[in-house]
file my_file02.txt (compact mmCIF, C-alpha atoms)
# COMPACT_ATOMS: atom_id res chain seq x y z
CA MET A 10 27.16 63.38 31.69
CA ARG A 11 30.07 65.40 33.10
CA ARG A 12 30.80 64.88 36.79
CA ILE A 13 30.89 68.05 38.89
CA VAL A 14 34.19 68.32 40.74
CA PRO A 15 34.42 70.79 43.69
CA ALA A 16 36.93 73.58 43.25
CA ARG A 17 40.16 73.04 45.09
CA LEU A 18 41.63 75.61 47.46
CA GLY A 19 45.32 76.30 47.03
CA PRO A 20 47.60 77.08 49.99
CA ARG A 21 47.29 80.83 49.42
CA ASP A 22 43.49 80.58 49.25
CA VAL A 23 43.42 78.60 52.49
CA LEU A 24 45.56 81.19 54.26
CA ARG A 25 43.47 84.06 52.91
CA VAL A 26 40.18 82.49 53.95
CA GLY A 27 41.55 81.53 57.38
CA ALA A 28 42.97 85.02 57.99
CA ALA A 29 39.69 86.66 57.02
CA GLY A 30 38.03 85.35 60.18
CA LEU A 31 40.84 86.78 62.32
CA ARG A 32 40.70 90.22 60.71
CA ALA A 33 36.96 90.42 61.37
CA ARG A 34 37.42 90.17 65.18
CA PRO A 35 40.75 91.83 66.09
CA ALA A 36 40.01 92.43 69.79
CA ARG A 37 39.01 88.82 70.43
CA VAL A 38 41.96 87.56 68.40
CA PHE A 39 44.35 89.75 70.41
CA LEU A 40 43.10 88.49 73.77
CA SER A 41 43.21 84.85 72.67
CA ALA A 42 46.70 85.23 71.18
CA LEU A 43 47.80 86.99 74.37
CA GLY A 44 46.94 83.91 76.44
CA ILE A 45 49.14 81.76 74.19
CA ALA A 46 51.89 84.41 74.20
CA ILE A 47 52.06 84.55 78.00
CA GLY A 48 52.56 80.79 78.25
CA ILE A 49 55.23 80.70 75.53
CA ALA A 50 56.97 83.79 76.94
CA ALA A 51 57.10 82.15 80.37
CA MET A 52 58.63 78.97 78.98
CA VAL A 53 61.13 80.71 76.67
CA GLY A 54 62.06 83.19 79.40
CA VAL A 55 62.68 80.47 81.98
CA VAL A 56 64.81 78.44 79.57
CA GLY A 57 66.68 81.54 78.42
CA ILE A 58 67.40 82.81 81.93
CA SER A 59 68.49 79.34 83.04
CA THR A 60 70.77 78.98 80.03
CA SER A 61 72.21 82.46 80.53
CA SER A 62 72.88 81.63 84.18
CA ARG A 63 74.58 78.41 83.14
CA ALA A 64 76.73 80.31 80.64
CA GLN A 65 77.73 82.78 83.35
CA LEU A 66 78.61 79.92 85.71
CA GLN A 67 80.74 78.27 83.03
CA ALA A 68 82.50 81.56 82.29
CA THR A 69 83.17 82.02 86.00
CA LEU A 70 84.59 78.52 86.38
CA ASP A 71 86.69 78.97 83.24
CA ARG A 72 88.13 82.15 84.71
CA LEU A 73 88.64 80.92 88.28
CA GLY A 74 89.36 77.28 87.52
CA THR A 75 87.92 74.09 88.96
CA ASN A 76 91.24 72.98 90.44
CA LEU A 77 90.97 74.76 93.81
CA LEU A 78 90.68 72.54 96.89
CA THR A 79 90.20 73.56 100.51
CA ALA A 80 90.99 71.74 103.73
CA GLY A 81 89.78 72.76 107.16
CA PRO A 82 89.50 71.30 110.66
CA GLY A 83 86.41 69.26 111.44
CA ARG A 84 85.53 67.59 114.76
CA ASP A 85 87.71 65.38 116.91
CA LEU A 86 86.63 62.05 118.40
CA PHE A 87 85.06 63.80 121.40
CA GLY A 88 83.02 66.24 119.31
CA GLY A 89 85.27 69.21 119.94
CA ASP A 90 86.85 71.52 117.39
CA ALA A 91 89.91 69.99 115.75
CA ARG A 92 92.98 72.01 114.73
CA LEU A 93 95.31 71.84 111.78
CA PRO A 94 99.06 71.79 112.51
CA VAL A 95 100.99 75.02 112.14
CA GLU A 96 103.07 73.29 109.41
CA ALA A 97 99.99 72.24 107.39
CA VAL A 98 100.50 74.73 104.54
CA GLY A 99 104.12 73.77 104.02
CA MET A 100 103.31 70.06 104.01
CA VAL A 101 100.43 70.48 101.56
CA GLY A 102 102.64 72.53 99.25
CA ARG A 103 104.92 69.50 98.81
CA ILE A 104 102.19 67.20 97.48
CA PRO A 105 102.99 66.20 93.87
CA GLY A 106 100.71 68.11 91.49
CA VAL A 107 100.17 71.09 93.80
CA GLU A 108 100.87 74.40 92.09
CA SER A 109 100.39 76.65 95.14
CA ALA A 110 99.06 76.48 98.68
CA SER A 111 98.02 79.24 101.05
CA ALA A 112 95.91 79.64 104.16
CA THR A 113 93.87 81.83 106.44
CA GLY A 114 93.52 81.49 110.20
CA ARG A 115 90.69 82.68 112.40
CA VAL A 116 91.83 85.15 115.02
CA GLY A 117 90.09 84.26 118.29
CA SER A 118 87.21 86.48 119.37
CA VAL A 119 88.58 89.66 117.80
CA HIS A 120 86.14 91.96 115.99
CA VAL A 121 86.43 95.01 113.78
CA TYR A 122 84.45 98.25 114.06
CA ARG A 123 84.28 101.50 112.15
CA ASN A 124 85.51 103.38 115.23
CA ASP A 125 86.10 102.89 118.94
CA ARG A 126 82.70 104.35 119.91
CA ILE A 127 80.60 101.44 118.65
CA PRO A 128 79.31 98.97 121.31
CA GLU A 129 81.24 95.71 121.37
CA ALA A 130 78.10 93.62 120.70
CA GLU A 131 77.53 95.33 117.34
CA SER A 132 80.32 93.55 115.49
CA GLY A 133 78.49 93.43 112.17
CA GLY A 134 79.31 89.75 111.68
CA ILE A 135 82.79 90.51 110.29
CA THR A 136 85.37 87.79 110.83
CA VAL A 137 89.01 88.68 111.43
CA LEU A 138 91.41 86.33 109.62
CA ALA A 139 95.17 86.08 109.46
CA ALA A 140 96.21 85.72 105.82
CA ARG A 141 99.35 84.59 104.04
CA LEU A 142 100.84 86.81 101.36
CA ASP A 143 100.30 84.33 98.52
CA LEU A 144 96.55 84.02 99.16
CA PRO A 145 95.45 86.10 96.13
CA ARG A 146 97.55 84.03 93.72
CA THR A 147 96.17 80.75 95.04
CA ILE A 148 92.50 81.73 95.19
CA GLY A 149 92.44 84.27 92.36
CA LEU A 150 91.53 87.27 94.50
CA ARG A 151 91.35 90.68 92.90
CA VAL A 152 91.80 94.00 94.69
CA ALA A 153 89.12 96.59 93.94
CA ALA A 154 90.90 99.49 95.67
CA GLY A 155 94.34 99.89 97.21
CA ALA A 156 96.69 96.92 97.37
CA TRP A 157 97.14 93.50 98.93
CA LEU A 158 99.37 92.94 101.94
CA ASN A 159 103.12 92.80 101.29
CA ALA A 160 106.17 91.83 103.31
CA GLY A 161 106.16 95.22 105.00
CA THR A 162 102.46 95.83 105.76
CA ALA A 163 101.94 92.21 106.84
CA ARG A 164 104.02 92.90 109.99
CA TYR A 165 102.17 96.06 111.02
CA PRO A 166 98.55 97.02 111.92
CA ALA A 167 97.25 96.92 108.33
CA VAL A 168 94.09 95.25 107.09
CA VAL A 169 92.47 94.32 103.78
CA LEU A 170 88.65 94.22 103.79
CA GLY A 171 86.43 91.82 101.90
CA ALA A 172 83.75 93.30 99.66
CA GLU A 173 80.88 92.85 102.15
CA SER A 174 83.01 93.91 105.11
CA ALA A 175 83.94 97.16 103.40
CA ALA A 176 80.28 97.85 102.64
CA ARG A 177 79.22 97.18 106.23
CA LEU A 178 81.93 99.45 107.59
CA GLY A 179 81.30 102.15 105.01
CA VAL A 180 84.87 101.98 103.70
CA SER A 181 85.48 102.31 99.97
CA THR A 182 89.01 103.69 99.77
CA PRO A 183 92.31 102.73 101.44
CA ASN A 184 94.17 104.76 104.05
CA THR A 185 91.13 104.66 106.32
CA GLN A 186 91.46 103.52 109.92
CA VAL A 187 89.20 100.97 111.62
CA TRP A 188 89.07 99.78 115.21
CA LEU A 189 90.28 96.18 115.29
CA GLY A 190 91.26 94.20 118.36
CA SER A 191 91.22 97.25 120.64
CA ARG A 192 93.63 99.21 118.43
CA TRP A 193 93.60 101.15 115.18
CA PHE A 194 94.37 99.34 111.94
CA THR A 195 94.86 101.06 108.59
CA VAL A 196 92.90 99.77 105.61
CA VAL A 197 95.36 99.21 102.77
CA GLY A 198 92.99 97.49 100.32
CA VAL A 199 89.43 96.43 99.51
CA LEU A 200 88.76 93.16 97.65
CA ASP A 201 86.39 92.34 94.84
CA PRO A 202 83.84 89.59 95.65
CA ALA A 203 85.52 86.17 95.80
CA GLU A 204 83.35 83.66 93.91
CA LEU A 205 85.27 80.56 95.01
CA ALA A 206 85.88 81.76 98.56
CA PRO A 207 82.73 83.68 99.60
CA GLU A 208 83.74 83.42 103.26
CA LEU A 209 86.38 86.08 102.55
CA ASP A 210 83.78 88.63 101.46
CA SER A 211 82.69 89.15 105.07
CA ALA A 212 86.21 89.07 106.53
CA ALA A 213 88.93 91.48 107.55
CA LEU A 214 92.33 90.08 106.59
CA VAL A 215 95.50 90.98 108.45
CA GLY A 216 99.06 89.79 107.95
CA TRP A 217 100.10 86.46 109.51
CA ASP A 218 102.90 88.09 111.54
CA ALA A 219 100.78 91.06 112.57
CA ALA A 220 98.03 88.75 113.80
CA ARG A 221 100.53 86.91 115.99
CA ALA A 222 102.17 90.08 117.30
CA HIS A 223 99.08 92.26 117.91
CA LEU A 224 96.03 89.98 118.10
CA GLY A 225 97.18 86.84 119.92
CA PHE A 226 96.88 84.55 116.88
CA ASP A 227 98.21 81.05 117.60
CA GLY A 228 99.46 80.36 114.06
CA HIS A 229 97.14 77.40 113.34
CA PRO A 230 95.44 77.72 109.92
CA THR A 231 91.71 77.18 109.77
CA THR A 232 91.44 76.92 105.97
CA VAL A 233 94.16 75.70 103.63
CA TYR A 234 93.61 76.65 99.98
CA THR A 235 95.32 74.42 97.43
CA ARG A 236 95.61 75.00 93.70
CA ALA A 237 96.40 71.73 91.93
CA ARG A 238 97.17 70.91 88.33
CA LYS A 239 93.98 70.05 86.47
CA ASP A 240 95.18 66.54 85.71
CA SER A 241 96.08 65.95 89.38
CA VAL A 242 93.00 67.29 91.20
CA GLY A 243 91.70 63.83 92.10
CA ALA A 244 95.07 62.59 93.37
CA VAL A 245 95.70 65.74 95.40
CA ARG A 246 92.23 65.56 96.90
CA ASP A 247 92.86 62.01 98.07
CA LEU A 248 96.12 63.03 99.77
CA LEU A 249 95.08 66.39 101.16
CA ALA A 250 93.57 65.33 104.49
CA ALA A 251 96.38 62.93 105.39
CA THR A 252 99.01 65.50 104.45
CA ALA A 253 97.43 68.49 106.20
CA SER A 254 97.05 66.54 109.45
CA PRO A 255 99.08 63.29 109.41
CA GLN A 256 98.18 62.40 112.99
CA ALA A 257 94.41 62.79 112.54
CA PRO A 258 93.38 62.84 108.85
CA ASN A 259 89.83 61.92 109.82
CA GLU A 260 89.51 65.32 111.51
CA VAL A 261 90.12 67.21 108.25
CA GLU A 262 87.28 68.28 105.94
CA VAL A 263 88.22 68.57 102.27
CA SER A 264 86.00 70.34 99.74
CA ARG A 265 86.08 71.69 96.22
CA PRO A 266 84.52 75.18 95.94
CA SER A 267 83.57 74.70 92.28
CA ASP A 268 81.42 71.73 93.36
CA ALA A 269 79.49 74.08 95.65
CA LEU A 270 78.83 76.40 92.72
CA ALA A 271 77.66 73.46 90.63
CA ALA A 272 75.37 72.28 93.46
CA GLU A 273 73.90 75.77 93.73
CA HIS A 274 73.23 75.71 90.01
CA ALA A 275 71.60 72.29 90.34
CA ALA A 276 69.18 73.79 92.86
CA ASP A 277 68.48 76.55 90.34
CA ARG A 278 67.67 73.89 87.73
CA ALA A 279 65.11 72.34 90.07
CA PHE A 280 63.50 75.74 90.48
CA THR A 281 63.62 76.14 86.69
CA GLY A 282 61.63 72.91 86.32
CA LEU A 283 58.94 74.34 88.59
CA LEU A 284 58.73 77.52 86.52
CA LEU A 285 58.54 75.49 83.30
CA GLY A 286 55.58 73.63 84.78
CA LEU A 287 53.86 76.93 85.53
CA GLY A 288 54.58 78.05 81.96
CA ALA A 289 53.01 74.85 80.64
CA VAL A 290 49.88 75.52 82.70
CA ALA A 291 49.72 79.05 81.27
CA LEU A 292 50.09 77.60 77.77
CA LEU A 293 47.27 75.15 78.42
CA VAL A 294 45.04 78.00 79.58
CA GLY A 295 45.90 79.84 76.38
CA GLY A 296 44.93 76.78 74.36
CA VAL A 297 41.56 76.67 76.11
CA GLY A 298 41.11 80.32 75.16
CA VAL A 299 41.81 79.52 71.51
CA ALA A 300 39.29 76.66 71.57
CA ASN A 301 36.68 78.91 73.17
CA THR A 302 37.28 81.60 70.54
CA MET A 303 36.93 79.11 67.69
CA VAL A 304 33.71 77.58 69.08
CA ILE A 305 32.16 81.04 69.40
CA SER A 306 33.37 81.86 65.90
CA VAL A 307 31.60 78.78 64.49
CA LEU A 308 28.36 79.70 66.26
CA GLU A 309 28.49 83.29 65.03
CA ARG A 310 29.33 82.35 61.43
CA ARG A 311 26.79 79.64 60.79
CA ALA A 312 25.20 81.68 58.02
CA GLU A 313 28.59 82.14 56.35
CA ILE A 314 29.27 78.41 56.58
CA GLY A 315 25.85 77.62 55.04
CA LEU A 316 26.45 80.07 52.20
CA ARG A 317 29.84 78.59 51.40
CA ARG A 318 28.44 75.07 51.48
CA SER A 319 25.60 76.14 49.15
CA LEU A 320 28.17 77.57 46.72
CA GLY A 321 30.00 74.27 46.54
CA ALA A 322 32.48 74.22 49.43
CA THR A 323 33.06 70.71 50.73
CA ARG A 324 33.11 69.64 54.35
CA GLY A 325 36.86 69.13 54.07
CA GLN A 326 37.32 72.71 52.90
CA ILE A 327 35.24 74.03 55.79
CA ARG A 328 37.29 71.95 58.24
CA LEU A 329 40.50 73.22 56.67
CA GLN A 330 39.30 76.84 56.85
CA PHE A 331 38.59 76.77 60.58
CA LEU A 332 41.62 74.63 61.39
CA THR A 333 43.82 77.11 59.51
CA GLU A 334 42.21 79.98 61.38
CA SER A 335 42.97 78.26 64.69
CA GLN A 336 46.57 77.58 63.64
CA LEU A 337 47.10 81.19 62.57
CA LEU A 338 45.68 82.42 65.87
CA ALA A 339 47.98 80.13 67.85
CA ALA A 340 50.97 81.02 65.66
CA LEU A 341 50.41 84.73 66.33
CA GLY A 342 50.50 84.04 70.05
CA GLY A 343 53.53 81.76 69.69
CA VAL A 344 55.65 84.21 67.72
CA GLY A 345 54.66 87.04 70.05
CA GLY A 346 55.46 84.86 73.07
CA VAL A 347 58.90 83.95 71.71
CA VAL A 348 59.72 87.62 71.07
CA LEU A 349 58.50 88.56 74.56
CA GLY A 350 60.43 85.69 76.17
CA VAL A 351 63.67 86.66 74.41
CA ALA A 352 63.17 90.29 75.46
CA VAL A 353 62.61 89.30 79.11
CA THR A 354 65.72 87.09 79.03
CA ALA A 355 67.82 89.87 77.53
CA VAL A 356 66.69 92.47 80.06
CA PHE A 357 67.24 90.12 83.02
CA ALA A 358 70.65 88.98 81.77
CA VAL A 359 71.85 92.53 81.12
CA THR A 360 70.79 93.71 84.58
CA ARG A 361 72.71 90.81 86.15
CA GLY A 362 75.76 91.18 83.92
CA TRP A 363 75.24 87.78 82.29
CA PRO A 364 75.61 86.83 78.64
CA THR A 365 72.23 86.63 76.91
CA VAL A 366 71.72 83.06 75.68
CA VAL A 367 68.42 81.72 74.34
CA PRO A 368 68.72 78.23 72.79
CA PRO A 369 67.34 78.03 69.24
CA TRP A 370 65.50 74.84 70.18
CA ALA A 371 63.56 76.78 72.84
CA MET A 372 62.36 79.34 70.29
CA ALA A 373 61.54 76.73 67.66
CA GLY A 374 59.93 74.51 70.30
CA GLY A 375 57.79 77.40 71.50
CA VAL A 376 56.35 78.03 68.04
CA LEU A 377 55.91 74.29 67.43
CA ALA A 378 54.08 73.92 70.74
CA THR A 379 51.66 76.67 69.78
CA LEU A 380 50.94 74.99 66.44
CA VAL A 381 50.15 71.75 68.24
CA ILE A 382 47.97 73.62 70.74
CA GLY A 383 46.25 75.44 67.89
CA GLY A 384 45.61 72.21 66.02
CA VAL A 385 44.15 70.46 69.06
CA ALA A 386 42.11 73.50 70.10
CA GLY A 387 40.70 74.07 66.62
CA LEU A 388 39.97 70.46 65.71
CA TYR A 389 36.56 70.18 67.39
CA PRO A 390 35.24 73.57 66.19
CA ALA A 391 36.42 72.73 62.65
CA ILE A 392 34.64 69.37 62.67
CA ARG A 393 31.52 70.97 64.11
CA ALA A 394 31.50 73.62 61.39
CA ALA A 395 31.93 71.00 58.66
CA ARG A 396 28.99 68.97 59.94
CA LEU A 397 26.52 71.82 59.59
CA ALA A 398 23.99 71.17 56.82
CA PRO A 399 23.70 74.09 54.34
CA THR A 400 19.95 74.47 54.89
CA GLU A 401 20.30 74.39 58.66
CA ALA A 402 23.14 76.91 58.62
CA LEU A 403 21.33 79.30 56.27
CA ALA A 404 18.22 79.16 58.43
CA THR A 405 20.19 80.51 61.41
CA PRO A 406 19.10 84.09 62.19

call {"tool": "encode", "arguments": {"input": "my_file02.txt", "output": "C-alpha cells"}}
result
Amino acid sequence: MRRIVPARLGPRDVLRVGAAGLRARPARVFLSALGIAIGIAAMVGVVGISTSSRAQLQATLDRLGTNLLTAGPGRDLFGGDARLPVEAVGMVGRIPGVESASATGRVGSVHVYRNDRIPEAESGGITVLAARLDLPRTIGLRVAAGAWLNAGTARYPAVVLGAESAARLGVSTPNTQVWLGSRWFTVVGVLDPAELAPELDSAALVGWDAARAHLGFDGHPTTVYTRARKDSVGAVRDLLAATASPQAPNEVEVSRPSDALAAEHAADRAFTGLLLGLGAVALLVGGVGVANTMVISVLERRAEIGLRRSLGATRGQIRLQFLTESQLLAALGGVGGVVLGVAVTAVFAVTRGWPTVVPPWAMAGGVLATLVIGGVAGLYPAIRAARLAPTEALATP
C-alpha cells in the first residue's frame, strides 16, 4: 500500500499564499504596517540625525582644529576677580610648541548702541572687547563683510562686530556708525559666527590702542588664545597657567574650546538615547498591532483554514502560511519606516547645512528588527491556526 505524502510548498508558493491574505485586506494591512513604519522611522531618523550631527562636528573640528587653548583670570584667594599680567600674551607666545598667541580684553563698563538716542540701560547684552590684530589668525575668525582691524584702524574709533552683535544692532554692512563709549565708532567689519570662540559673537571688538586711548582700557587681557602644535597641546596646556601668570598660576583658568564642543555633543547623545527609547516603544506598539491583525485574520479565515486542511495541508504548512503573512506585513512596515527615516534625516540635515549620513547598520537593523517583531507577533496566531481541526473550522459560519 502506497503511503500518502503531503504536497510540499516551495518558497514561491509560501510567499504567494502568505501575500494572498495581505491583498485581501489592504486597509487593515496599511494601518498595521504604518504602526511598524513609525517606530522604525523614529529609530532610523534619530540615528541618522545623530550621525549627521557627529559628522558636522567632526568636519568643524577638522576645519578649526583641536589645538586651540584659552587662558583667563579666575578668582584670587579672597574670592575677588583675578587679573592676568599685561605681558601675558608675550610670555605665552614663547612657550615651546606655541604657533601663535593672541588676546582680547574686556573694556570696563562700556556699551555699544545703534545711536546716541537709545537709553543707557538698553545695552542689548553686547560686550566691548579690545582685540589684538593677530586674533583672526589664532582663532580662525572669518570676516563676513568689510575687513578686520589693521595697524591704522586699530588706533582710531573703529569697531568690528560679532555676528550676533551685528544682528542686534541691525548692521550688515561696514562704514556704519554706532554709539560706543559716549562717542561714534565706525564699523569696519562684521564677523562670521566663531564656533570655537562663541563669546565673540556677541561682542564689539576695537583695536588694543584705540581701547586704551578712547575707552580707558587698562591693557590687561581677559582671555588669551593660544594655538599650539598638535603634538604639543598637552605640554602647552600644562605650562599655560604658570606662564600666563607666574606669580599666581592658581588664579588662571585654562580650557580647550574643542572639549566644550565635544561635551555639548555628548549631551546630544544622551538626548539621542532618550529618543531611541521612544522609538523602541513605538516599534513595540506596532508589533502589538501586527499581532492583533493576525489574530483577527485567523478568526475571520477559519473556514479557509478548514478547507485547506481538508485538502491535505499539514499543520506545519498552515503555521508557515500565517507566519509568512506576519513577516511580510512587518517587512512592509520596516522597509517603509527605513525609507521614511532616511527622508526625515535628509530633510533635517539639509535645512541645518549638515552632511546627510545614515549608517547602513541602522537601515539593516531596522528591517531586521521588524522581521523579529513580525515573527514574535505572528507566532501565536500561526500556532492557533494550525491547531484548528478541519471539521471544527469548516463548521464555522

call {"tool": "residues_near_point", "arguments": {"input": "my_file02.txt", "point": "(93.2, 96.5, 96.1)", "cutoff": "6 Å", "atoms": "all atoms listed in the file", "output": "list of chain:residue names"}}
result
A:Val152, A:Ala153, A:Ala154, A:Gly155, A:Ala156, A:Trp157, A:Gly198, A:Val199, A:Leu200

call {"tool": "atom_distance", "arguments": {"input": "my_file02.txt", "atom1": "atom CA of A:Tyr122", "atom2": "atom CA of A:Leu178"}}
result
7.0 Å

call {"tool": "closest_residue", "arguments": {"input": "my_file02.txt", "among": "A:Val381, A:Ala220, A:Ala130, A:Met372", "to": "A:Val56", "atoms": "all atoms listed in the file"}}
result
A:Met372

call {"tool": "closest_residue", "arguments": {"input": "my_file02.txt", "among": "A:Ala289, A:Ala391, A:Val55, A:Leu337", "to": "A:Val38", "atoms": "all atoms listed in the file"}}
result
A:Leu337

call {"tool": "residues_near_point", "arguments": {"input": "my_file02.txt", "point": "(99.6, 75.3, 114.7)", "cutoff": "8 Å", "atoms": "only C-alpha atoms", "output": "VMD selection string"}}
result
chain A and resid 92 to 97 227 to 230

call {"tool": "closest_residue", "arguments": {"input": "my_file02.txt", "among": "A:Thr252, A:Thr365, A:Thr354, A:Thr360", "to": "A:Met100", "atoms": "all atoms listed in the file"}}
result
A:Thr252

call {"tool": "atom_distance", "arguments": {"input": "my_file02.txt", "atom1": "atom CA of A:Gly117", "atom2": "atom CA of A:Gly225"}}
result
7.7 Å

call {"tool": "residues_around", "arguments": {"input": "my_file02.txt", "residues": "A:Ala163", "least_positions_apart": "6", "cutoff": "8 Å", "atoms": "only C-alpha atoms", "output": "list in words"}}
result
Leu142, Val215, Gly216, Trp217, Asp218 and Ala219 of chain A

call {"tool": "closest_residue", "arguments": {"input": "my_file02.txt", "among": "A:Ala203, A:Ala46, A:Ala244, A:Ala91", "to": "A:Leu78", "atoms": "only C-alpha atoms"}}
result
A:Ala244

call {"tool": "atom_distance", "arguments": {"input": "my_file02.txt", "atom1": "atom CA of A:Val116", "atom2": "atom CA of A:Pro202"}}
result
21.4 Å

call {"tool": "decode", "arguments": {"input": "my_file02.txt", "residues": "stretch 236-251 of chain A", "atoms": "C-alpha atoms", "output": "PDB file, in the first residue's frame"}}
result
ATOM      1  CA  ARG A 236      47.284  77.888  19.043  1.00  0.00           C
ATOM      2  CA  ALA A 237      49.712  75.040  19.751  1.00  0.00           C
ATOM      3  CA  ARG A 238      51.197  72.362  17.545  1.00  0.00           C
ATOM      4  CA  LYS A 239      49.019  69.263  17.595  1.00  0.00           C
ATOM      5  CA  ASP A 240      51.787  67.146  19.084  1.00  0.00           C
ATOM      6  CA  SER A 241      52.403  69.721  21.843  1.00  0.00           C
ATOM      7  CA  VAL A 242      48.866  70.528  23.015  1.00  0.00           C
ATOM      8  CA  GLY A 243      49.219  68.572  26.264  1.00  0.00           C
ATOM      9  CA  ALA A 244      52.596  70.093  27.137  1.00  0.00           C
ATOM     10  CA  VAL A 245      51.451  73.630  26.334  1.00  0.00           C
ATOM     11  CA  ARG A 246      48.304  73.157  28.388  1.00  0.00           C
ATOM     12  CA  ASP A 247      50.354  72.122  31.404  1.00  0.00           C
ATOM     13  CA  LEU A 248      52.544  75.240  31.114  1.00  0.00           C
ATOM     14  CA  LEU A 249      49.909  77.771  30.134  1.00  0.00           C
ATOM     15  CA  ALA A 250      48.676  78.845  33.577  1.00  0.00           C
ATOM     16  CA  ALA A 251      52.148  79.194  35.091  1.00  0.00           C
TER      17      ALA A 251
END
